[in-house]
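Q: Okay, here's the structure, questions in a sec.
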Amino acid sequence: MLALGLIAVGSGALVVTSSHLVRAGFYLVVSLGAIAGLYLVLGAEMVAWVQVLVYVGAVVVLLLFAVMLTRAPIGPSRDLDRPIAPAAIIGAGVGFGLTALLADAFRWTEFELPPPGNAERVGEQVFGAWVLPFEVLSILLLAALVGAIVLSRPDLGARPDPSAPPPEPPHDPTDESAEVVARLERIATRQAAAQARVRQARADALAAEAAAAAAEAAEAEPEPVDPLKQRAADLIFGAHDARPKIGEPGEAEILDSRIIPGESVIERDEPIEPRRAIEGERPTTGRRSIEGNVIEGDLVEEKRPQPEREKLEGRPERPALPAGDDKEEQ
Amino acid sequence: MHAVIPYVIASLLFALGVYGVLRRRNAILVLMAVELMLNAVNLILVAADATVRSVLNGVTPEAWAYPVPEPRSGAIFALFIIVLAAAEVGVGLAIVLQYYRLHRAVVIDEVVLDEHDHEKQVTG
């Protein structure tokens, strides 16, 4: 206990005297860890673990985040401290005063260390006698959360700056400079000219076409249909229609005799029990199918007429099952 | 075990915290010193929880002093103070970071208290 106290006080002194910001944070970790050890010794186990979780795990990490976010230098900082005299005087005075007071109050009282408390007792107390402070504390945590968020957002609750110039009116897209307006007008006239040109060309082409059609209609006469030509056309286009299409099976393929449906049906004189065949044949089938060139259906067909008892005895690699067991399986 | 040991440790830690708060100029280091002081108070509470009954040996207890049959209130108070310290560090660090964003500094000597932020920005 004395050693833990020495560690706590020593690293606490380093926290307040170190000239490295980050090192001060890590000395704070050591000091708080030693205090957590003191809590353990004094029988407040729950408080010790909450101390480790909240202080060492959260508060110190938050402080180190703040150290990083304020761009603190890694090395020692010169201007961290005020002049030592008043602080040392007041600190020493507080230390001596408190130490004298408490030492006088407790003198040489001995006490036996209490049994380590557990979370159950603490929970009974928190939710029994101290439930109102507990709820108030939860509301306070919520308020602290909201307050931290409001503080760190500059757009919430910001007063308007009286000395700032009045806010500019929103940007008008039609309010352009003279150069941009001239360029837009030039582009518009160019587009209008191009459209007129295209329309003119189209009208000319339509007029020429109409004139040609009128001349053709004047010249042409309906020709009599040649029966020979008609038959040739029938032949050609009929052959075109009869040609095999892509994606459909042709007539020759449909009539191919190599594909016979239903060939995998094996003729048997008696139906086999599927369970027995599968049980008896599983290892052998695997091995022989690795060797290849053996179709599974053939295997079943070969091995089927043999009696099963004989197969089981004939293979040494399979442990022989007792007869009663085998019958039970079947 | 002497009852004086945890109390003296706690008072030394509290004195270190006071010294740190008065000595340091960096706001984050001041917050660390405040943490030390809060832990000293926690240590006193837990130690009192463990030692007070052996100290007050011949004293007859009052009825209002024991709201629960088995008094272990020091640990409860310590838990509450830990939660308070966590909330305080959260809000304090938010303030420090906001101040840093406005002024690019966390030196608490140079904080001007009787001047609004926008006036400060315009003048300097």
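In the structure tokens, chains take the letters A, B, ... in the order shown, each chain's residues start at 1, and ligands count up from 1 in the order shown.
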Fewer than 4 positions away in the same chain doesn't count, so skip those; otherwise give me all residues within 7 Å of Glu110 of chain A, counting only C-alpha atoms, as JSON, numbers by chain.

A: {"B": [1, 2, 3]}

Q: Produce a file of the selected residues containing all heavy atoms, as a tab-separated table (two decimals), in the first residue's frame.

A:
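again.tsv written:
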chain	number	residue	atom	x	y	z
B	1	MET	N	-2.87	-2.45	9.61
B	1	MET	CA	-2.66	-1.39	8.61
B	1	MET	C	-3.01	-0.05	9.22
B	1	MET	O	-4.06	0.10	9.85
B	1	MET	CB	-3.56	-1.67	7.40
B	1	MET	CG	-3.37	-0.69	6.27
B	1	MET	SD	-1.81	-0.87	5.43
B	1	MET	CE	-2.01	-2.47	4.66
B	2	HIS	N	-2.10	0.90	9.06
B	2	HIS	CA	-2.36	2.22	9.61
B	2	HIS	C	-3.37	2.97	8.75
B	2	HIS	O	-3.26	2.99	7.53
B	2	HIS	CB	-1.05	3.02	9.67
B	2	HIS	CG	-0.14	2.50	10.72
B	2	HIS	ND1	-0.43	2.55	12.07
B	2	HIS	CD2	1.06	1.90	10.63
B	2	HIS	CE1	0.55	2.01	12.75
B	2	HIS	NE2	1.47	1.60	11.90
B	3	ALA	N	-4.30	3.59	9.41
B	3	ALA	CA	-5.34	4.31	8.67
B	3	ALA	C	-4.81	5.60	8.07
B	3	ALA	O	-5.43	6.18	7.19
B	3	ALA	CB	-6.51	4.62	9.60

Q: Please return as a ChimeraX atom specification: the residues of segment 60-241 of chain A that backbone DSSP assigns to helix (DSSP H, G or I).

A: /A:60-69,78-80,84-106,119-128,131-152,178-219,227-241

Q: Find the nearest atom pair between each residue of chain A and chain B for residues within 7 Å, count only C-alpha atoms, give distances in Å to one decimal, sort rows by chain and ascending number, and present the table as a tab-separated table.

A:
residue	atom	partner	partner_atom	distance
A:Gly5	CA	B:Ile9	CA	5.8
A:Val9	CA	B:Leu13	CA	5.9
A:Gly12	CA	B:Leu16	CA	6.8
A:Ala13	CA	B:Leu16	CA	6.3
A:Val16	CA	B:Gly20	CA	4.9
A:Tyr39	CA	B:Val46	CA	6.9
A:Leu42	CA	B:Ala50	CA	6.3
A:Ala44	CA	B:Ala75	CA	6.2
A:Val47	CA	B:Leu79	CA	6.1
A:Val59	CA	B:Ala86	CA	6.4
A:Leu63	CA	B:Ile28	CA	6.9
A:Ala66	CA	B:Leu93	CA	6.8
A:Thr70	CA	B:Tyr100	CA	6.6
A:Leu80	CA	B:Arg25	CA	5.3
A:Asp81	CA	B:Arg24	CA	4.7
A:Arg82	CA	B:Arg23	CA	5.3
A:Ile84	CA	B:Arg23	CA	6.6
A:Ala87	CA	B:Leu22	CA	5.1
A:Ala88	CA	B:Tyr19	CA	6.1
A:Ile90	CA	B:Tyr19	CA	7.0
A:Gly91	CA	B:Tyr19	CA	4.5
A:Ala92	CA	B:Ala15	CA	6.6
A:Val94	CA	B:Ala15	CA	5.5
A:Gly95	CA	B:Ala15	CA	4.5
A:Leu98	CA	B:Ser11	CA	5.6
A:Thr99	CA	B:Val8	CA	5.4
A:Leu102	CA	B:Tyr7	CA	6.4
A:Ala103	CA	B:Val4	CA	5.9
A:Phe106	CA	B:Val4	CA	5.8
A:Arg107	CA	B:Val4	CA	6.6
A:Trp108	CA	B:His2	CA	6.2
A:Thr109	CA	B:Ala3	CA	5.6
A:Glu110	CA	B:His2	CA	4.7
A:Phe111	CA	B:Met1	CA	5.6
A:Glu112	CA	B:Met1	CA	6.3
A:Pro114	CA	B:Ala50	CA	6.3
A:Val122	CA	B:Ile76	CA	6.8
A:Val126	CA	B:Ile76	CA	6.7
A:Ala129	CA	B:Val68	CA	6.6
A:Leu141	CA	B:Ala87	CA	6.0
A:Ala144	CA	B:Ala87	CA	5.7
A:Gly147	CA	B:Val91	CA	6.7
A:Ala148	CA	B:Val91	CA	5.0
A:Leu151	CA	B:Ala94	CA	6.2
A:Ser152	CA	B:Ala94	CA	5.8
A:Asp161	CA	B:His118	CA	6.3

Q: Output C-alpha atoms for every residue in that selection, as a CSV table (one decimal), in the first residue's frame.

A:
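Contents of out_17.csv, freshly written:
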chain,number,residue,atom,x,y,z
A,5,GLY,CA,1.0,5.4,-2.7
A,9,VAL,CA,2.5,10.5,-5.6
A,12,GLY,CA,1.6,12.8,-9.9
A,13,ALA,CA,4.6,15.1,-9.2
A,16,VAL,CA,2.7,18.6,-12.7
A,39,TYR,CA,-8.8,1.2,-4.3
A,42,LEU,CA,-9.1,-0.8,0.3
A,44,ALA,CA,-13.5,-1.1,-3.4
A,47,VAL,CA,-14.5,1.5,-8.1
A,59,VAL,CA,-10.2,10.4,-19.9
A,63,LEU,CA,-6.7,14.4,-23.0
A,66,ALA,CA,-6.7,17.3,-27.1
A,70,THR,CA,-3.9,21.6,-30.3
A,80,LEU,CA,4.4,25.7,-20.0
A,81,ASP,CA,4.9,27.1,-16.5
A,82,ARG,CA,4.3,30.3,-14.6
A,84,ILE,CA,7.2,28.8,-9.4
A,87,ALA,CA,2.1,28.0,-6.8
A,88,ALA,CA,4.8,26.2,-4.7
A,90,ILE,CA,0.1,27.5,-1.9
A,91,GLY,CA,0.6,23.9,-2.9
A,92,ALA,CA,3.0,23.2,-0.1
A,94,VAL,CA,-2.3,22.9,1.2
A,95,GLY,CA,-0.3,19.7,1.4
A,98,LEU,CA,-4.2,18.5,4.9
A,99,THR,CA,-1.6,16.1,6.0
A,102,LEU,CA,-5.7,14.0,8.6
A,103,ALA,CA,-2.7,12.7,10.5
A,106,PHE,CA,-6.3,9.4,12.5
A,107,ARG,CA,-3.0,9.3,14.4
A,108,TRP,CA,-1.9,5.7,14.7
A,109,THR,CA,-5.3,4.1,14.3
A,110,GLU,CA,-5.1,0.5,13.0
A,111,PHE,CA,-7.8,-1.0,10.9
A,112,GLU,CA,-8.2,-4.4,9.3
A,114,PRO,CA,-12.1,-5.0,4.6
A,122,VAL,CA,-22.5,-1.7,-5.0
A,126,VAL,CA,-26.8,2.4,-6.2
A,129,ALA,CA,-30.5,4.1,-1.4
A,141,LEU,CA,-24.2,13.3,-18.3
A,144,ALA,CA,-22.7,17.5,-20.6
A,147,GLY,CA,-23.1,21.0,-24.1
A,148,ALA,CA,-20.0,19.5,-25.6
A,151,LEU,CA,-19.6,24.0,-27.9
A,152,SER,CA,-17.8,22.3,-30.6
A,161,ASP,CA,-20.9,39.7,-35.8

Q: Env of Asn118 of chain A: 7 Å cut, atoms = only C-alpha atoms, seq-sep filter 3 positions within chain, self excluded. Answer as a list in words.

A: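 So, after excluding close chain neighbours, the residues are Glu45, Met46, Arg121 and Val122 of chain A.
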
Q: Those residues you just picked out, can you put them in a file as an mmCIF file, in the first residue's frame with N, CA and C atoms?

A:
data_model
loop_
_atom_site.group_PDB
_atom_site.id
_atom_site.type_symbol
_atom_site.label_atom_id
_atom_site.label_comp_id
_atom_site.auth_asym_id
_atom_site.auth_seq_id
_atom_site.Cartn_x
_atom_site.Cartn_y
_atom_site.Cartn_z
ATOM 1 N N GLU A 45 -13.539 -2.833 -5.051
ATOM 2 C CA GLU A 45 -13.110 -3.447 -6.312
ATOM 3 C C GLU A 45 -13.798 -2.804 -7.513
ATOM 4 N N MET A 46 -15.094 -2.578 -7.349
ATOM 5 C CA MET A 46 -15.868 -1.969 -8.436
ATOM 6 C C MET A 46 -15.314 -0.599 -8.814
ATOM 7 N N ARG A 121 -23.022 -5.754 -4.236
ATOM 8 C CA ARG A 121 -23.346 -4.846 -3.143
ATOM 9 C C ARG A 121 -23.454 -3.411 -3.642
ATOM 10 N N VAL A 122 -22.503 -3.044 -4.503
ATOM 11 C CA VAL A 122 -22.532 -1.680 -5.046
ATOM 12 C C VAL A 122 -23.811 -1.447 -5.835
#

Q: Between A:Gly43, A:Phe26, A:Pro73, A:Ser18, which is the closest to Gly57 of chain A once you count only C-alpha atoms?

A: A:Phe26
